[in-house]
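Undergrad: Data file my_file.json (JSON, C-alpha atoms) is appended below.
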```json
[["chain", "number", "residue", "atom", "x", "y", "z"],
["E", 1, "MET", "CA", 9.89, 217.60, -162.73],
["E", 2, "PRO", "CA", 10.63, 216.75, -166.36],
["E", 3, "LYS", "CA", 13.71, 217.16, -168.55],
["E", 4, "ALA", "CA", 13.04, 219.15, -171.64],
["E", 5, "GLN", "CA", 13.38, 220.78, -175.01],
["E", 6, "PRO", "CA", 12.84, 224.30, -176.27],
["E", 7, "ASN", "CA", 10.81, 224.74, -179.44],
["E", 8, "GLY", "CA", 12.98, 225.28, -182.48],
["E", 9, "GLU", "CA", 16.23, 224.15, -180.82],
["E", 10, "LYS", "CA", 16.93, 221.94, -183.86],
["E", 11, "GLU", "CA", 15.14, 221.62, -187.15],
["E", 12, "SER", "CA", 15.60, 217.89, -187.67],
["E", 13, "LEU", "CA", 14.22, 215.11, -185.57],
["E", 14, "PRO", "CA", 16.69, 213.30, -183.32],
["E", 15, "SER", "CA", 17.80, 209.81, -184.25],
["E", 16, "PRO", "CA", 17.52, 207.72, -181.09],
["E", 17, "ARG", "CA", 19.45, 204.56, -181.05],
["E", 18, "PRO", "CA", 18.29, 200.97, -181.04],
["E", 19, "ALA", "CA", 20.97, 198.35, -181.52],
["E", 20, "ASN", "CA", 19.95, 197.71, -185.14],
["E", 21, "SER", "CA", 20.52, 200.77, -187.34],
["E", 22, "CYS", "CA", 17.85, 199.61, -189.83],
["E", 23, "MET", "CA", 15.31, 200.47, -187.11],
["E", 24, "ASP", "CA", 16.25, 204.17, -187.19],
["E", 25, "VAL", "CA", 13.63, 205.04, -189.76],
["E", 26, "LYS", "CA", 10.94, 203.34, -187.68],
["E", 27, "ILE", "CA", 11.95, 205.36, -184.64],
["E", 28, "GLN", "CA", 11.85, 208.56, -186.68],
["E", 29, "ILE", "CA", 8.36, 207.72, -187.95],
["E", 30, "ALA", "CA", 7.07, 206.87, -184.48],
["E", 31, "ARG", "CA", 8.67, 209.99, -183.05],
["E", 32, "ALA", "CA", 7.12, 212.20, -185.73],
["E", 33, "GLN", "CA", 3.68, 210.71, -185.19],
["E", 34, "LEU", "CA", 3.82, 210.87, -181.39],
["E", 35, "GLY", "CA", 5.30, 214.37, -181.45],
["E", 36, "THR", "CA", 2.70, 215.77, -183.83],
["E", 37, "ALA", "CA", -0.10, 214.07, -181.91],
["E", 38, "LEU", "CA", 1.10, 215.56, -178.63],
["E", 39, "ASP", "CA", 1.57, 218.98, -180.19],
["E", 40, "LEU", "CA", -2.04, 218.96, -181.41],
["E", 41, "PHE", "CA", -3.24, 217.59, -178.06],
["E", 42, "ILE", "CA", -1.48, 220.29, -176.04],
["E", 43, "ARG", "CA", -2.97, 222.99, -178.28],
["E", 44, "ASP", "CA", -6.40, 221.36, -177.92],
["E", 45, "LYS", "CA", -6.74, 220.67, -181.66],
["E", 46, "ASP", "CA", -8.51, 217.95, -183.69],
["E", 47, "PRO", "CA", -8.87, 214.88, -181.39],
["E", 48, "PHE", "CA", -9.43, 212.55, -184.38],
["E", 49, "SER", "CA", -6.02, 213.41, -185.84],
["E", 50, "VAL", "CA", -4.43, 213.16, -182.39],
["E", 51, "HIS", "CA", -5.84, 209.67, -181.97],
["E", 52, "SER", "CA", -4.82, 208.44, -185.43],
["E", 53, "LEU", "CA", -1.26, 209.72, -185.07],
["E", 54, "ALA", "CA", -0.84, 208.59, -181.45],
["E", 55, "CYS", "CA", -2.10, 205.07, -182.21],
["E", 56, "GLY", "CA", 0.13, 204.78, -185.27],
["E", 57, "GLY", "CA", 3.22, 205.94, -183.42],
["E", 58, "SER", "CA", 2.40, 203.79, -180.40],
["E", 59, "GLU", "CA", 2.07, 200.64, -182.49],
["E", 60, "ILE", "CA", 5.48, 201.22, -184.09],
["E", 61, "ILE", "CA", 7.25, 202.04, -180.84],
["E", 62, "GLU", "CA", 5.68, 199.00, -179.17],
["E", 63, "GLY", "CA", 7.14, 196.85, -181.94],
["E", 64, "LEU", "CA", 10.55, 198.44, -181.44],
["E", 65, "ALA", "CA", 10.36, 197.73, -177.71],
["E", 66, "LYS", "CA", 9.47, 194.11, -178.47],
["E", 67, "GLU", "CA", 12.39, 193.76, -180.88],
["E", 68, "ALA", "CA", 14.72, 195.18, -178.23],
["E", 69, "ASP", "CA", 13.24, 192.81, -175.63],
["E", 70, "LEU", "CA", 12.00, 195.72, -173.53],
["E", 71, "PRO", "CA", 8.79, 195.65, -171.43],
["E", 72, "SER", "CA", 6.18, 197.74, -173.27],
["E", 73, "ILE", "CA", 2.86, 198.95, -171.86],
["E", 74, "SER", "CA", 1.12, 195.95, -173.44],
["E", 75, "THR", "CA", 3.52, 193.42, -171.90],
["E", 76, "HIS", "CA", 3.09, 195.13, -168.52],
["E", 77, "ILE", "CA", -0.71, 194.77, -168.77],
["E", 78, "LEU", "CA", -0.41, 191.13, -169.81],
["E", 79, "GLN", "CA", 1.94, 190.39, -166.91],
["E", 80, "THR", "CA", -0.30, 192.23, -164.44],
["E", 81, "ILE", "CA", -3.46, 190.50, -165.72],
["E", 82, "PRO", "CA", -2.13, 187.22, -167.18],
["E", 83, "ASP", "CA", -5.57, 185.84, -168.05],
["E", 84, "ILE", "CA", -6.43, 188.70, -170.39],
["E", 85, "ASP", "CA", -6.88, 187.87, -174.08],
["E", 86, "GLN", "CA", -4.11, 189.68, -176.01],
["E", 87, "ARG", "CA", -6.25, 189.97, -179.14],
["E", 88, "LYS", "CA", -9.11, 191.42, -177.11],
["E", 89, "LEU", "CA", -6.72, 193.88, -175.49],
["E", 90, "LYS", "CA", -5.57, 195.11, -178.90],
["E", 91, "ARG", "CA", -9.13, 195.33, -180.19],
["E", 92, "LEU", "CA", -10.14, 197.49, -177.24],
["E", 93, "ARG", "CA", -7.08, 199.69, -177.63],
["E", 94, "ASN", "CA", -7.56, 200.07, -181.37],
["E", 95, "GLN", "CA", -11.35, 200.24, -181.63],
["E", 96, "HIS", "CA", -11.57, 203.99, -182.26],
["E", 97, "TRP", "CA", -8.42, 203.96, -184.38],
["E", 98, "ASN", "CA", -9.86, 201.27, -186.63],
["E", 99, "ALA", "CA", -13.00, 203.36, -187.09],
["E", 100, "LEU", "CA", -10.87, 206.35, -188.05],
["E", 101, "LYS", "CA", -8.66, 204.57, -190.59],
["E", 102, "HIS", "CA", -10.89, 201.91, -192.19],
["E", 103, "PHE", "CA", -13.90, 202.32, -194.49],
["E", 104, "TYR", "CA", -14.63, 198.59, -194.96],
["E", 105, "GLU", "CA", -14.88, 195.64, -192.60],
["E", 106, "GLN", "CA", -12.14, 192.99, -192.80],
["E", 107, "ASP", "CA", -13.89, 191.31, -195.74],
["E", 108, "GLY", "CA", -13.05, 194.38, -197.84],
["E", 109, "LYS", "CA", -16.65, 194.70, -199.05],
["E", 110, "THR", "CA", -18.89, 195.54, -196.12],
["E", 111, "VAL", "CA", -18.99, 199.23, -195.20],
["E", 112, "ARG", "CA", -18.19, 199.72, -191.52],
["E", 113, "ASN", "CA", -20.92, 201.19, -189.35],
["E", 114, "ASP", "CA", -19.04, 203.04, -186.60],
["E", 115, "GLU", "CA", -21.72, 205.55, -185.67],
["E", 116, "ALA", "CA", -22.54, 203.96, -182.30],
["E", 117, "LEU", "CA", -18.86, 203.38, -181.47],
["E", 118, "MET", "CA", -17.85, 206.95, -182.23],
["E", 119, "THR", "CA", -20.65, 208.57, -180.25],
["E", 120, "ASP", "CA", -18.64, 208.09, -177.06],
["E", 121, "PHE", "CA", -15.33, 209.27, -178.53],
["E", 122, "THR", "CA", -13.92, 212.39, -176.89],
["E", 123, "ASP", "CA", -10.51, 214.01, -176.49],
["E", 124, "GLU", "CA", -10.14, 212.06, -173.22],
["E", 125, "ALA", "CA", -9.67, 208.89, -175.28],
["E", 126, "ASN", "CA", -6.28, 210.33, -176.29],
["E", 127, "ASP", "CA", -4.88, 210.60, -172.76],
["E", 128, "ALA", "CA", -4.00, 206.93, -172.28],
["E", 129, "VAL", "CA", -2.86, 206.37, -175.88],
["E", 130, "LEU", "CA", -0.40, 209.26, -175.70],
["E", 131, "PHE", "CA", 0.81, 208.24, -172.25],
["E", 132, "GLY", "CA", 1.48, 204.65, -173.32],
["E", 133, "GLY", "CA", 3.17, 205.66, -176.56],
["E", 134, "TRP", "CA", 5.54, 208.10, -174.91],
["E", 135, "LEU", "CA", 6.33, 205.68, -172.10],
["E", 136, "ASP", "CA", 7.35, 203.03, -174.62],
["E", 137, "TYR", "CA", 9.35, 205.69, -176.49],
["E", 138, "LEU", "CA", 11.23, 206.46, -173.28],
["E", 139, "LEU", "CA", 11.98, 202.76, -172.77],
["E", 140, "VAL", "CA", 13.44, 202.50, -176.28],
["E", 141, "THR", "CA", 15.37, 205.79, -176.53],
["E", 142, "LYS", "CA", 16.05, 206.65, -172.85],
["E", 143, "ARG", "CA", 15.05, 210.27, -173.57],
["E", 144, "LEU", "CA", 11.94, 212.44, -173.80],
["E", 145, "PRO", "CA", 11.24, 215.94, -175.11],
["E", 146, "VAL", "CA", 10.16, 218.38, -172.43],
["E", 147, "GLU", "CA", 6.56, 218.48, -173.63],
["E", 148, "ALA", "CA", 6.27, 214.71, -173.20],
["E", 149, "GLN", "CA", 7.80, 214.95, -169.73],
["E", 150, "VAL", "CA", 5.30, 217.61, -168.69],
["E", 151, "PHE", "CA", 2.50, 215.55, -170.20],
["E", 152, "GLN", "CA", 3.58, 212.50, -168.17],
["E", 153, "VAL", "CA", 3.39, 214.48, -164.93],
["E", 154, "TRP", "CA", 0.00, 215.86, -166.02],
["E", 155, "TRP", "CA", -1.26, 212.31, -166.68],
["E", 156, "TYR", "CA", -0.12, 211.14, -163.24],
["E", 157, "ALA", "CA", -1.98, 214.01, -161.60],
["E", 158, "MET", "CA", -5.05, 213.30, -163.75],
["E", 159, "ASN", "CA", -5.12, 209.63, -162.75],
["E", 160, "PRO", "CA", -4.22, 209.44, -159.05],
["E", 161, "LYS", "CA", -6.18, 206.20, -158.56],
["E", 162, "SER", "CA", -4.04, 204.48, -161.19],
["E", 163, "MET", "CA", -0.81, 205.22, -159.35],
["E", 164, "ASN", "CA", 1.03, 202.86, -157.02],
["E", 165, "PRO", "CA", -0.05, 203.86, -153.49],
["E", 166, "ASP", "CA", 3.57, 203.49, -152.32],
["E", 167, "VAL", "CA", 4.76, 206.22, -154.71],
["E", 168, "ASP", "CA", 5.07, 209.75, -153.33],
["E", 169, "PRO", "CA", 2.60, 211.91, -155.33],
["E", 170, "SER", "CA", 3.98, 215.24, -154.12],
["E", 171, "ARG", "CA", 5.83, 216.04, -157.38],
["E", 172, "TRP", "CA", 2.83, 215.92, -159.68],
["E", 173, "LEU", "CA", 0.45, 217.30, -157.04],
["E", 174, "ALA", "CA", 2.71, 220.34, -156.66],
["E", 175, "MET", "CA", 2.43, 221.04, -160.40],
["E", 176, "PHE", "CA", -1.19, 220.05, -160.94],
["E", 177, "SER", "CA", -2.98, 220.17, -157.60],
["E", 178, "LYS", "CA", -6.57, 218.81, -157.76],
["E", 179, "ILE", "CA", -6.52, 218.88, -161.54],
["E", 180, "ASP", "CA", -8.48, 215.62, -161.74],
["E", 181, "THR", "CA", -11.52, 217.39, -160.27],
["E", 182, "GLN", "CA", -11.54, 220.28, -162.75],
["E", 183, "PRO", "CA", -13.39, 220.69, -166.07],
["E", 184, "ARG", "CA", -11.61, 219.35, -169.15],
["E", 185, "GLN", "CA", -11.04, 222.81, -170.60],
["E", 186, "GLU", "CA", -9.21, 223.90, -167.46],
["E", 187, "GLN", "CA", -7.21, 220.66, -167.35],
["E", 188, "LYS", "CA", -5.91, 221.28, -170.87],
["E", 189, "ARG", "CA", -5.24, 224.96, -170.14],
["E", 190, "ARG", "CA", -3.08, 224.03, -167.18],
["E", 191, "LEU", "CA", -1.17, 221.54, -169.31],
["E", 192, "ARG", "CA", -0.40, 224.24, -171.88],
["E", 193, "ARG", "CA", 0.76, 226.66, -169.18],
["E", 194, "ALA", "CA", 3.04, 224.05, -167.63],
["E", 195, "VAL", "CA", 4.61, 223.25, -171.01],
["E", 196, "GLU", "CA", 5.35, 226.93, -171.58],
["E", 197, "LYS", "CA", 6.78, 227.27, -168.08],
["E", 198, "TRP", "CA", 9.22, 224.35, -168.34],
["E", 199, "ARG", "CA", 10.07, 224.37, -172.05],
["E", 200, "ASN", "CA", 13.17, 226.57, -171.66],
["E", 201, "ASN", "CA", 14.32, 225.46, -168.22],
["E", 202, "LYS", "CA", 18.14, 225.32, -168.41],
["E", 203, "GLU", "CA", 18.52, 222.53, -165.88],
["E", 204, "ILE", "CA", 16.13, 220.34, -167.83],
["E", 205, "LEU", "CA", 17.80, 221.16, -171.12],
["E", 206, "ARG", "CA", 21.19, 220.07, -169.75],
["E", 207, "ASP", "CA", 19.82, 216.74, -168.53],
["E", 208, "PRO", "CA", 21.00, 213.89, -170.85],
["E", 209, "ARG", "CA", 17.55, 212.33, -170.52],
["E", 210, "THR", "CA", 16.10, 215.34, -172.32],
["E", 211, "GLU", "CA", 15.61, 215.06, -176.06],
["E", 212, "LEU", "CA", 16.27, 218.37, -177.78],
["E", 213, "GLY", "CA", 14.53, 219.47, -180.95],
["E", 214, "PRO", "CA", 11.05, 220.48, -182.06],
["E", 215, "LEU", "CA", 8.15, 218.44, -180.78],
["E", 216, "SER", "CA", 6.59, 218.21, -184.24],
["E", 217, "PRO", "CA", 8.86, 218.00, -187.31],
["E", 218, "SER", "CA", 8.89, 220.63, -190.03],
["E", 219, "ALA", "CA", 8.26, 219.74, -193.66],
["E", 220, "ALA", "CA", 11.44, 218.91, -195.58],
["E", 221, "ARG", "CA", 12.96, 221.89, -197.37]]
```
Mind turning this structure into structure tokens?

TA:
Amino acid sequence: MPKAQPNGEKESLPSPRPANSCMDVKIQIARAQLGTALDLFIRDKDPFSVHSLACGGSEIIEGLAKEADLPSISTHILQTIPDIDQRKLKRLRNQHWNALKHFYEQDGKTVRNDEALMTDFTDEANDAVLFGGWLDYLLVTKRLPVEAQVFQVWWYAMNPKSMNPDVDPSRWLAMFSKIDTQPRQEQKRRLRRAVEKWRNNKEILRDPRTELGPLSPSAAR
């Protein structure tokens, strides 16, 4: 299963380590955004805020992966589908995020009309953004908090058709059997229960690939 972190183990966010120390603040920002987004997502809160935070954190961590010459989600997609337009890919990925963060069009004068775009926005739009952001975070830092590990397994079980057919699915099926066929409310409930179950697992907490500390940072005191 995952490798984890109990809530409240440490009050400050960890400082993962890219080669260049000037990148530390960027990692902390990305980690705070991804952590808060996932915390809200697990608790089934405000999908707009989840999306804004997850997209912001994902963009930063993708840049960190690029600077470290690591294969991010975007580079994987471009290698898998080499003919895809990179600008189009980013537009598709960011379309809801742009609607959430911008009032004007790029000319700075025309008010955006996002009513039609946002009619199809649901909490499900956050699944892939969170998955990609945390996967890039793992590539950069080599660690994940337990909640992100549980979420990864949940995402695998939710998207069985996206998985490599040569990969044994027994691990995520054992945790989330047939979850992809269940109503969204039940899918999220099972995610919350799994997080609570594994959050304090001692074996996971001892694993060096587990990032200890709160999922979402506290305000500075």

Undergrad: Residues of region 132-195 of chain E that approach region 38-56 of chain E to 9 Å or less, counting only C-alpha atoms: could you list each one with the shortest pair of atoms and its distance in Å to one decimal, rows by chain and increasing residue number, as CSV?

TA:
```
residue,atom,partner,partner_atom,distance
E:Gly133,CA,E:Ala54,CA,7.0
E:Glu147,CA,E:Leu38,CA,8.0
E:Ala148,CA,E:Leu38,CA,7.5
E:Phe151,CA,E:Ile42,CA,8.5
E:Gln185,CA,E:Asp44,CA,8.8
E:Lys188,CA,E:Ile42,CA,6.9
E:Arg189,CA,E:Ile42,CA,8.4
E:Leu191,CA,E:Ile42,CA,6.9
E:Arg192,CA,E:Ile42,CA,5.8
E:Val195,CA,E:Ile42,CA,8.4
```

Undergrad: So the first atom is CA of Thr141 (chain E) and the second is CA of Ile27 (chain E); what is the distance between them in Å, to one decimal place?

TA: 8.8 Å

Undergrad: Name the closest residue to Val153 (chain E) among the candidates E:Phe176, E:Arg112, E:Ala37, E:Val167; distances are taken between atoms, counting all atoms listed in the file.

TA: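 Nearest candidate to Val153 (chain E) out of E:Phe176, E:Arg112, E:Ala37, E:Val167: E:Phe176.
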
Undergrad: From the options E:Met23, E:His96, E:Glu105, E:Ser170, which residue's atoms come nearest to Ala125 (chain E), counting only C-alpha atoms?

TA: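 Ranking E:Met23, E:His96, E:Glu105, E:Ser170 by distance to Ala125 (chain E), first place goes to E:His96.
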
Undergrad: To one decimal place, how far is CA of Leu64 (chain E) from CA of Ser218 (chain E) in Å?

TA: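 Rounded to one decimal, the two atoms are 23.9 Å apart.
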
Undergrad: Calculate how many Å separate CA of Gln187 (chain E) from CA of Trp155 (chain E), rounding to one decimal.

TA: 10.3 Å

Undergrad: Calculated over all atoms listed in the file, which of the candidates E:Asp127, E:Leu138, E:Met175, E:Leu205 has the smallest distance to Ala65 (chain E)?

TA: E:Leu138
